[in-house]
file final_33.csv (CSV, C-alpha atoms)
chain,number,residue,atom,x,y,z
G,530,MET,CA,-13.0,-33.4,-35.3
G,531,ILE,CA,-15.5,-31.2,-37.1
G,532,GLU,CA,-17.1,-30.3,-33.8
G,533,THR,CA,-13.7,-29.4,-32.3
G,534,LEU,CA,-12.9,-27.1,-35.2
G,535,GLN,CA,-16.2,-25.5,-34.8
G,536,ASN,CA,-15.6,-24.8,-31.1
G,537,VAL,CA,-12.1,-23.4,-32.0
G,538,PHE,CA,-13.6,-21.0,-34.5
G,539,THR,CA,-16.4,-20.1,-32.1
G,540,VAL,CA,-13.8,-19.2,-29.4
G,541,PHE,CA,-11.7,-17.3,-31.9
G,542,GLY,CA,-14.8,-15.3,-33.0
G,543,ARG,CA,-15.6,-14.5,-29.4
G,544,VAL,CA,-12.1,-13.3,-28.7
G,545,ILE,CA,-12.1,-10.9,-31.6
G,546,THR,CA,-15.6,-9.6,-30.7
G,547,ILE,CA,-15.4,-9.5,-26.8
G,548,LEU,CA,-12.0,-7.9,-26.4
G,549,PRO,CA,-12.9,-4.7,-28.4
G,550,LEU,CA,-16.1,-4.5,-26.3
G,551,LEU,CA,-14.1,-5.0,-23.1
G,552,LEU,CA,-11.6,-2.3,-24.2
G,553,PHE,CA,-14.5,0.1,-24.9
G,554,VAL,CA,-16.2,-0.5,-21.5
G,555,THR,CA,-12.9,-0.1,-19.7
G,556,LEU,CA,-12.2,3.2,-21.4
G,557,PHE,CA,-15.8,4.2,-20.6
G,558,MET,CA,-15.2,3.4,-16.9
G,559,GLY,CA,-12.3,5.9,-16.8
G,560,LYS,CA,-8.6,6.0,-15.9
G,561,ARG,CA,-9.3,5.7,-12.2
G,562,ALA,CA,-10.7,2.2,-12.5
G,563,ILE,CA,-7.4,0.9,-14.0
G,564,GLY,CA,-4.9,3.4,-12.5
G,565,GLN,CA,-6.0,2.9,-8.9
G,566,LEU,CA,-7.9,0.0,-7.4
G,567,PRO,CA,-10.1,0.7,-4.4
G,568,VAL,CA,-12.2,-2.2,-3.2
G,569,PHE,CA,-15.2,-1.7,-5.4
G,570,ASP,CA,-13.2,-1.1,-8.6
G,571,PHE,CA,-11.1,-4.2,-7.8
G,572,ILE,CA,-14.3,-6.3,-7.6
G,573,ILE,CA,-15.5,-4.8,-10.9
G,574,ILE,CA,-12.3,-5.8,-12.6
G,575,LEU,CA,-12.4,-9.3,-11.2
G,576,THR,CA,-16.0,-9.7,-12.3
G,577,LEU,CA,-15.2,-8.5,-15.8
G,578,GLY,CA,-12.4,-10.9,-16.0
G,579,SER,CA,-14.5,-13.8,-14.8
G,580,VAL,CA,-17.4,-13.1,-17.2
G,581,THR,CA,-15.1,-12.6,-20.2
G,582,GLY,CA,-13.0,-15.6,-19.4
G,583,ALA,CA,-16.0,-17.9,-19.0
G,584,ASP,CA,-17.4,-16.7,-22.3
G,585,ILE,CA,-14.2,-17.2,-24.2
G,586,ALA,CA,-13.4,-20.6,-22.7
G,587,ASP,CA,-16.8,-22.2,-23.0
G,588,PRO,CA,-18.4,-22.2,-26.5
G,589,ASN,CA,-21.7,-23.5,-25.0
G,590,ILE,CA,-22.2,-20.1,-23.1
G,591,ASN,CA,-24.6,-17.8,-25.0
G,592,HIS,CA,-22.5,-14.9,-26.3
G,593,LEU,CA,-25.0,-12.1,-26.3
G,594,PRO,CA,-25.9,-12.2,-22.6
G,595,THR,CA,-22.2,-12.0,-21.9
G,596,ALA,CA,-21.9,-8.9,-23.9
G,597,ALA,CA,-24.9,-7.4,-22.1
G,598,ALA,CA,-23.4,-8.3,-18.8
G,599,ILE,CA,-20.1,-6.5,-19.6
G,600,ILE,CA,-22.0,-3.4,-20.7
G,601,MET,CA,-24.2,-3.4,-17.5
G,602,ILE,CA,-21.1,-3.9,-15.3
G,603,GLY,CA,-19.5,-0.9,-17.0
G,604,ILE,CA,-22.6,1.3,-16.5
G,605,LEU,CA,-22.8,0.2,-12.8
G,606,GLN,CA,-19.2,1.1,-12.1
G,607,ARG,CA,-19.7,4.5,-13.8
G,608,LEU,CA,-22.8,5.2,-11.7
G,609,VAL,CA,-21.2,4.1,-8.4
G,610,ALA,CA,-18.1,6.3,-9.3
G,611,LYS,CA,-20.5,9.3,-9.7
G,612,TRP,CA,-22.3,8.5,-6.4
G,613,LYS,CA,-18.9,8.4,-4.6
G,614,ILE,CA,-18.0,11.8,-5.9
G,615,SER,CA,-21.4,13.4,-4.9
G,616,ASN,CA,-21.7,11.6,-1.6
G,617,ARG,CA,-18.5,11.1,0.4
G,618,LYS,CA,-20.4,9.2,3.1
G,619,PHE,CA,-21.5,6.6,0.5
G,620,GLY,CA,-18.0,6.5,-0.8
G,621,GLY,CA,-16.7,5.7,2.6
G,622,TRP,CA,-19.1,2.7,2.9
G,623,ILE,CA,-17.6,0.9,-0.1
G,624,THR,CA,-13.9,1.5,0.5
G,625,PHE,CA,-11.3,1.4,3.2
G,626,GLU,CA,-10.4,4.3,5.5
G,627,PRO,CA,-6.8,5.7,5.0
G,628,THR,CA,-4.8,4.6,8.0
G,629,VAL,CA,-1.8,6.3,9.6
G,630,VAL,CA,0.9,3.7,10.2
G,631,ILE,CA,3.9,5.9,11.0
G,632,GLN,CA,3.8,9.2,13.0
G,633,ASP,CA,6.8,11.2,14.0
G,634,GLY,CA,9.1,8.4,13.2
G,635,LYS,CA,7.1,5.9,15.3
G,636,ILE,CA,5.5,2.8,13.8
G,637,LEU,CA,1.9,2.4,15.1
G,638,ASN,CA,1.6,-1.3,15.7
G,639,HIS,CA,-2.1,-1.3,16.4
G,640,ASN,CA,-2.8,0.5,13.0
G,641,LEU,CA,-0.6,-2.0,11.2
G,642,LYS,CA,-2.7,-4.8,12.5
G,643,LYS,CA,-5.9,-3.0,11.3
G,644,VAL,CA,-4.6,-2.9,7.7
G,645,GLN,CA,-3.0,-6.4,8.1
G,646,TYR,CA,0.4,-5.1,6.9
G,647,SER,CA,3.6,-6.5,8.4
G,648,ILE,CA,6.6,-4.4,9.2
G,649,ASP,CA,8.4,-6.0,6.2
G,650,ASN,CA,5.6,-4.7,3.9
G,651,ILE,CA,6.0,-1.2,5.3
G,652,LEU,CA,9.8,-1.2,5.0
G,653,LEU,CA,9.6,-2.4,1.4
G,654,MET,CA,7.1,0.3,0.5
G,655,LEU,CA,9.3,2.9,2.1
G,656,ARG,CA,12.4,1.8,0.2
G,657,GLU,CA,10.4,2.1,-3.0
G,658,LYS,CA,9.9,5.7,-2.1
G,659,ASP,CA,13.7,6.1,-1.4
G,660,VAL,CA,13.2,6.2,2.4
G,661,PHE,CA,15.7,4.1,4.3
G,662,ASP,CA,15.3,5.6,7.7
G,663,ILE,CA,12.0,5.7,9.6
G,664,SER,CA,13.2,8.6,11.7
G,665,GLU,CA,12.9,10.9,8.7
G,666,ILE,CA,9.1,10.4,8.4
G,667,LYS,CA,6.6,12.8,9.8
G,668,THR,CA,3.5,10.8,8.7
G,669,ALA,CA,3.0,7.7,6.6
G,670,VAL,CA,-0.5,6.7,5.5
G,671,VAL,CA,-1.8,3.5,3.9
G,672,GLU,CA,-4.4,4.7,1.5
G,673,ALA,CA,-7.7,3.1,0.5
G,674,ASN,CA,-6.1,1.5,-2.5
G,675,GLY,CA,-3.3,0.0,-0.4
G,676,ALA,CA,-0.6,2.4,-1.5
G,677,LEU,CA,1.7,4.2,1.0
G,678,SER,CA,1.8,8.0,1.1
G,679,VAL,CA,4.8,9.5,3.0
G,680,LEU,CA,5.4,13.0,4.4
G,681,LYS,CA,8.9,13.6,5.5
G,682,LYS,CA,9.9,15.8,8.4
G,683,PRO,CA,10.7,19.3,7.2
G,684,GLN,CA,14.4,19.0,7.8
G,685,LYS,CA,14.5,15.7,5.9
G,686,THR,CA,12.7,17.1,2.7
G,687,THR,CA,14.8,16.4,-0.4
G,688,VAL,CA,16.8,19.3,-1.7
G,689,THR,CA,19.3,19.6,-4.4
G,690,ARG,CA,23.0,20.0,-3.9
G,691,GLU,CA,22.8,23.5,-5.4
G,692,ASP,CA,20.3,24.4,-2.6
G,693,LEU,CA,22.8,23.5,0.0
G,694,ASN,CA,25.8,24.7,-1.9
G,695,ILE,CA,27.7,21.5,-1.1
G,696,ALA,CA,29.4,18.9,-3.3
G,697,ASN,CA,28.0,15.7,-1.7
G,698,ASN,CA,24.9,14.6,0.2
G,699,THR,CA,25.0,12.5,3.3
G,700,VAL,CA,22.9,9.3,2.8
G,701,SER,CA,21.0,8.0,5.8
G,702,ILE,CA,20.3,4.3,6.0
G,703,ALA,CA,18.9,2.7,9.1
G,704,TYR,CA,19.1,-1.0,9.8
G,705,PRO,CA,16.5,-3.0,11.8
G,706,VAL,CA,18.1,-3.9,15.0
G,707,ILE,CA,15.0,-5.0,17.1
G,708,VAL,CA,11.9,-6.5,15.6
G,709,ASP,CA,9.0,-7.6,17.8
G,710,GLY,CA,11.2,-7.8,20.9
G,711,GLN,CA,14.0,-9.7,19.2
G,712,ILE,CA,17.5,-8.2,18.9
G,713,TYR,CA,19.6,-8.7,15.7
G,714,PRO,CA,23.2,-9.1,16.9
G,715,ASN,CA,24.6,-9.1,13.4
G,716,VAL,CA,23.4,-5.6,12.9
G,717,LEU,CA,25.2,-4.5,16.0
G,718,GLU,CA,28.4,-6.3,14.9
G,719,LYS,CA,28.2,-4.5,11.5
G,720,LEU,CA,28.1,-1.2,13.2
G,721,LEU,CA,30.9,-2.2,15.7
G,722,LEU,CA,28.5,-2.1,18.6
G,723,ASP,CA,27.3,-4.6,21.2
G,724,GLU,CA,24.2,-5.5,23.2
G,725,ALA,CA,25.5,-3.6,26.3
G,726,TRP,CA,25.6,-0.4,24.2
G,727,LEU,CA,22.1,-1.1,22.9
G,728,ARG,CA,20.6,-1.7,26.4
G,729,GLN,CA,22.2,1.5,27.7
G,730,GLN,CA,20.7,3.5,24.9
G,731,LEU,CA,17.3,1.9,25.6
G,732,LYS,CA,17.7,2.8,29.3
G,733,ASN,CA,18.5,6.4,28.4
G,734,GLN,CA,15.1,6.4,26.6
G,735,GLY,CA,13.4,5.0,29.6
G,736,ILE,CA,12.9,1.5,28.1
G,737,THR,CA,13.8,-1.4,30.4
G,738,HIS,CA,12.1,-4.4,28.6
G,739,ILE,CA,13.1,-5.4,25.1
G,740,GLU,CA,9.8,-7.3,24.8
G,741,ASP,CA,8.0,-3.9,24.8
G,742,ILE,CA,9.7,-2.9,21.5
G,743,PHE,CA,7.9,-3.4,18.3
G,744,PHE,CA,10.6,-2.1,16.0
G,745,GLY,CA,14.0,-0.5,16.5
G,746,SER,CA,16.4,0.8,13.9
G,747,ILE,CA,19.9,2.3,14.0
G,748,ASN,CA,21.7,4.3,11.4
G,749,GLU,CA,25.4,4.6,10.6
G,750,GLN,CA,25.6,7.6,12.9
G,751,HIS,CA,24.4,5.3,15.7
G,752,PHE,CA,21.1,7.1,16.1
G,753,LEU,CA,18.6,4.6,17.6
G,754,GLN,CA,14.9,5.0,16.7
G,755,ILE,CA,12.4,3.0,18.8
G,756,SER,CA,8.7,2.2,18.2
G,757,LEU,CA,7.0,0.5,21.1
G,758,LYS,CA,4.2,-2.1,20.8
G,759,ASN,CA,1.9,0.3,22.6
G,760,GLU,CA,2.6,3.9,21.7
G,761,SER,CA,0.4,6.0,23.9
G,762,ASN,CA,1.7,9.6,23.5
G,763,ILE,CA,1.5,9.9,19.8
G,764,HIS,CA,-0.8,12.5,18.2
G,765,VAL,CA,-2.2,10.9,15.1
G,766,PRO,CA,-3.6,13.5,12.5
G,767,PRO,CA,-7.3,13.0,11.7
G,768,ILE,CA,-7.1,11.7,8.2
G,769,HIS,CA,-10.5,10.2,7.3
G,770,TYR,CA,-12.5,9.4,4.2
G,771,ARG,CA,-16.0,9.4,5.6
G,772,GLN,CA,-18.1,12.4,6.6
G,773,SER,CA,-20.2,11.9,9.8
call {"tool": "encode", "arguments": {"input": "final_33.csv", "output": "structure tokens"}}
result
Amino acid sequence: MIETLQNVFTVFGRVITILPLLLFVTLFMGKRAIGQLPVFDFIIILTLGSVTGADIADPNINHLPTAAAIIMIGILQRLVAKWKISNRKFGGWITFEPTVVIQDGKILNHNLKKVQYSIDNILLMLREKDVFDISEIKTAVVEANGALSVLKKPQKTTVTREDLNIANNTVSIAYPVIVDGQIYPNVLEKLLLDEAWLRQQLKNQGITHIEDIFFGSINEQHFLQISLKNESNIHVPPIHYRQS
């Protein structure tokens, strides 16, 4: 019983001493380390959590080496952050490249595979940015920290009602109607359309095989946007992190 109480007080003492130290080191590391999480910073945060958690949970672990480890981790992160700023090539080695996943309203299937994102991931991230129609997008980029940056086409850029001198805005929502070669009949029914209409629209765009389509969406104005599994005539802007 006495030993248990001693362990409890030891853990309590470690909590009230290690958390202020962890706060100080995190503030020392800077806002970027907690506001954005590139790969290296993510590893640093995980390591700090593991070291701190083990120290708090196990009274048999020597407390001072844990404190020293936390300080050294913070210093290492700060040094690496400075190296990344002064040497972009080094920064590119320890993080992911930004990847263009949508260009001119077309989803780039091969780039989605590179970043291991599904079409559902991308659609969710677009909705979080108030984009419900892929045809509005000029370029969408998955950044090094996993976030999605979106550039709308000029004519789709958000404006106020005063700018247009109108009372109401037209909201554009596009519904997935083809995903990975599979047609969603319920979407066609909702829009009072049928598969014959869809196939005719695809034929007008020079598409004869549904299996070649990676993603297709249709809005309430019956505009059909198609992304093929192998888009060959898309000019992807050179957005890179590394310097050669």
call {"tool": "closest_residue", "arguments": {"input": "final_33.csv", "among": "G:Asn650, G:Ser664, G:Ser761, G:Asn589", "to": "Lys681 of chain G", "atoms": "all atoms listed in the file"}}
result
G:Ser664
call {"tool": "atom_distance", "arguments": {"input": "final_33.csv", "atom1": "atom CA of Phe661 of chain G", "atom2": "atom CA of Lys719 of chain G"}}
result
16.8 Å
call {"tool": "residues_near_point", "arguments": {"input": "final_33.csv", "point": "(-0.4, -0.3, 11.3)", "cutoff": "12 Å", "atoms": "all atoms listed in the file", "output": "CSV table (one decimal) with C-alpha atoms, keeping the file's coordinate frame"}}
result
chain,number,residue,atom,x,y,z
G,627,PRO,CA,-6.8,5.7,5.0
G,628,THR,CA,-4.8,4.6,8.0
G,629,VAL,CA,-1.8,6.3,9.6
G,630,VAL,CA,0.9,3.7,10.2
G,631,ILE,CA,3.9,5.9,11.0
G,632,GLN,CA,3.8,9.2,13.0
G,635,LYS,CA,7.1,5.9,15.3
G,636,ILE,CA,5.5,2.8,13.8
G,637,LEU,CA,1.9,2.4,15.1
G,638,ASN,CA,1.6,-1.3,15.7
G,639,HIS,CA,-2.1,-1.3,16.4
G,640,ASN,CA,-2.8,0.5,13.0
G,641,LEU,CA,-0.6,-2.0,11.2
G,642,LYS,CA,-2.7,-4.8,12.5
G,643,LYS,CA,-5.9,-3.0,11.3
G,644,VAL,CA,-4.6,-2.9,7.7
G,645,GLN,CA,-3.0,-6.4,8.1
G,646,TYR,CA,0.4,-5.1,6.9
G,647,SER,CA,3.6,-6.5,8.4
G,648,ILE,CA,6.6,-4.4,9.2
G,649,ASP,CA,8.4,-6.0,6.2
G,650,ASN,CA,5.6,-4.7,3.9
G,651,ILE,CA,6.0,-1.2,5.3
G,669,ALA,CA,3.0,7.7,6.6
G,670,VAL,CA,-0.5,6.7,5.5
G,671,VAL,CA,-1.8,3.5,3.9
G,672,GLU,CA,-4.4,4.7,1.5
G,677,LEU,CA,1.7,4.2,1.0
G,743,PHE,CA,7.9,-3.4,18.3
G,756,SER,CA,8.7,2.2,18.2
G,758,LYS,CA,4.2,-2.1,20.8
G,759,ASN,CA,1.9,0.3,22.6
G,760,GLU,CA,2.6,3.9,21.7
G,765,VAL,CA,-2.2,10.9,15.1
call {"tool": "residues_near_point", "arguments": {"input": "final_33.csv", "point": "(18.4, -0.9, 15.3)", "cutoff": "6 Å", "atoms": "only C-alpha atoms", "output": "list in words"}}
result
Tyr704, Pro705, Val706, Ile707, Gly745, Ser746, Ile747 and Leu753 of chain G
call {"tool": "atom_distance", "arguments": {"input": "final_33.csv", "atom1": "atom CA of Leu653 of chain G", "atom2": "atom CA of Arg728 of chain G"}}
result
27.3 Å
call {"tool": "atom_distance", "arguments": {"input": "final_33.csv", "atom1": "atom CA of Glu665 of chain G", "atom2": "atom CA of Pro766 of chain G"}}
result
17.1 Å
call {"tool": "closest_residue", "arguments": {"input": "final_33.csv", "among": "G:Asn715, G:Lys667, G:Ile600, G:Ala583", "to": "His764 of chain G", "atoms": "only C-alpha atoms"}}
result
G:Lys667
call {"tool": "closest_residue", "arguments": {"input": "final_33.csv", "among": "G:Leu680, G:Ile572, G:Ile755, G:Leu722", "to": "Gly735 of chain G", "atoms": "all atoms listed in the file"}}
result
G:Ile755
call {"tool": "closest_residue", "arguments": {"input": "final_33.csv", "among": "G:Leu652, G:Ile602, G:Val708, G:Ala703", "to": "Gly578 of chain G", "atoms": "all atoms listed in the file"}}
result
G:Ile602
call {"tool": "closest_residue", "arguments": {"input": "final_33.csv", "among": "G:Met654, G:Ile614, G:Asp633, G:Met601", "to": "Thr668 of chain G", "atoms": "only C-alpha atoms"}}
result
G:Asp633
call {"tool": "closest_residue", "arguments": {"input": "final_33.csv", "among": "G:Ile666, G:Leu605, G:Leu731, G:Val660", "to": "Ile702 of chain G", "atoms": "only C-alpha atoms"}}
result
G:Val660
call {"tool": "build_atoms", "arguments": {"input": "final_33.csv", "residues": "segment 612-636 of chain G", "atoms": "N, CA and C atoms", "output": "mmCIF file, in the coordinates of the input"}}
result
data_model
loop_
_atom_site.group_PDB
_atom_site.id
_atom_site.type_symbol
_atom_site.label_atom_id
_atom_site.label_comp_id
_atom_site.auth_asym_id
_atom_site.auth_seq_id
_atom_site.Cartn_x
_atom_site.Cartn_y
_atom_site.Cartn_z
ATOM 1 N N TRP G 612 -21.679 8.457 -7.733
ATOM 2 C CA TRP G 612 -22.300 8.500 -6.400
ATOM 3 C C TRP G 612 -21.170 8.808 -5.349
ATOM 4 N N LYS G 613 -20.005 8.191 -5.548
ATOM 5 C CA LYS G 613 -18.900 8.400 -4.600
ATOM 6 C C LYS G 613 -18.443 9.841 -4.609
ATOM 7 N N ILE G 614 -18.452 10.457 -5.788
ATOM 8 C CA ILE G 614 -18.000 11.800 -5.900
ATOM 9 C C ILE G 614 -19.033 12.785 -5.244
ATOM 10 N N SER G 615 -20.325 12.518 -5.453
ATOM 11 C CA SER G 615 -21.400 13.400 -4.900
ATOM 12 C C SER G 615 -21.710 13.148 -3.478
ATOM 13 N N ASN G 616 -21.371 11.973 -2.978
ATOM 14 C CA ASN G 616 -21.700 11.600 -1.600
ATOM 15 C C ASN G 616 -20.532 10.917 -0.939
ATOM 16 N N ARG G 617 -19.731 11.683 -0.202
ATOM 17 C CA ARG G 617 -18.500 11.100 0.400
ATOM 18 C C ARG G 617 -18.858 10.028 1.448
ATOM 19 N N LYS G 618 -20.001 10.173 2.116
ATOM 20 C CA LYS G 618 -20.400 9.200 3.100
ATOM 21 C C LYS G 618 -20.623 7.824 2.423
ATOM 22 N N PHE G 619 -21.310 7.842 1.285
ATOM 23 C CA PHE G 619 -21.500 6.600 0.500
ATOM 24 C C PHE G 619 -20.185 6.046 0.052
ATOM 25 N N GLY G 620 -19.283 6.934 -0.403
ATOM 26 C CA GLY G 620 -18.000 6.500 -0.800
ATOM 27 C C GLY G 620 -17.208 5.793 0.280
ATOM 28 N N GLY G 621 -17.362 6.310 1.505
ATOM 29 C CA GLY G 621 -16.700 5.700 2.600
ATOM 30 C C GLY G 621 -17.206 4.313 2.971
ATOM 31 N N TRP G 622 -18.475 4.058 2.655
ATOM 32 C CA TRP G 622 -19.100 2.700 2.900
ATOM 33 C C TRP G 622 -18.500 1.638 2.070
ATOM 34 N N ILE G 623 -18.049 1.977 0.884
ATOM 35 C CA ILE G 623 -17.600 0.900 -0.100
ATOM 36 C C ILE G 623 -16.120 0.921 -0.278
ATOM 37 N N THR G 624 -15.379 1.514 0.632
ATOM 38 C CA THR G 624 -13.900 1.500 0.500
ATOM 39 C C THR G 624 -13.312 1.454 1.904
ATOM 40 N N PHE G 625 -11.982 1.358 1.956
ATOM 41 C CA PHE G 625 -11.300 1.400 3.200
ATOM 42 C C PHE G 625 -10.952 2.813 3.631
ATOM 43 N N GLU G 626 -10.833 3.024 4.934
ATOM 44 C CA GLU G 626 -10.400 4.300 5.500
ATOM 45 C C GLU G 626 -8.838 4.395 5.275
ATOM 46 N N PRO G 627 -8.296 5.579 4.976
ATOM 47 C CA PRO G 627 -6.800 5.700 5.000
ATOM 48 C C PRO G 627 -6.387 5.565 6.490
ATOM 49 N N THR G 628 -5.259 4.923 6.671
ATOM 50 C CA THR G 628 -4.800 4.600 8.000
ATOM 51 C C THR G 628 -3.356 5.062 8.217
ATOM 52 N N VAL G 629 -3.136 5.856 9.250
ATOM 53 C CA VAL G 629 -1.800 6.300 9.600
ATOM 54 C C VAL G 629 -1.022 5.178 10.238
ATOM 55 N N VAL G 630 0.109 4.806 9.649
ATOM 56 C CA VAL G 630 0.900 3.700 10.200
ATOM 57 C C VAL G 630 2.228 4.143 10.769
ATOM 58 N N ILE G 631 2.670 5.360 10.435
ATOM 59 C CA ILE G 631 3.900 5.900 11.000
ATOM 60 C C ILE G 631 3.609 7.377 11.358
ATOM 61 N N GLN G 632 3.938 7.783 12.572
ATOM 62 C CA GLN G 632 3.800 9.200 13.000
ATOM 63 C C GLN G 632 4.985 9.611 13.781
ATOM 64 N N ASP G 633 5.616 10.702 13.341
ATOM 65 C CA ASP G 633 6.800 11.200 14.000
ATOM 66 C C ASP G 633 7.886 10.177 14.196
ATOM 67 N N GLY G 634 8.078 9.377 13.155
ATOM 68 C CA GLY G 634 9.100 8.400 13.200
ATOM 69 C C GLY G 634 8.782 7.122 13.991
ATOM 70 N N LYS G 635 7.554 7.031 14.499
ATOM 71 C CA LYS G 635 7.100 5.900 15.300
ATOM 72 C C LYS G 635 6.147 5.030 14.498
ATOM 73 N N ILE G 636 6.420 3.736 14.414
ATOM 74 C CA ILE G 636 5.500 2.800 13.800
ATOM 75 C C ILE G 636 4.354 2.507 14.706
#
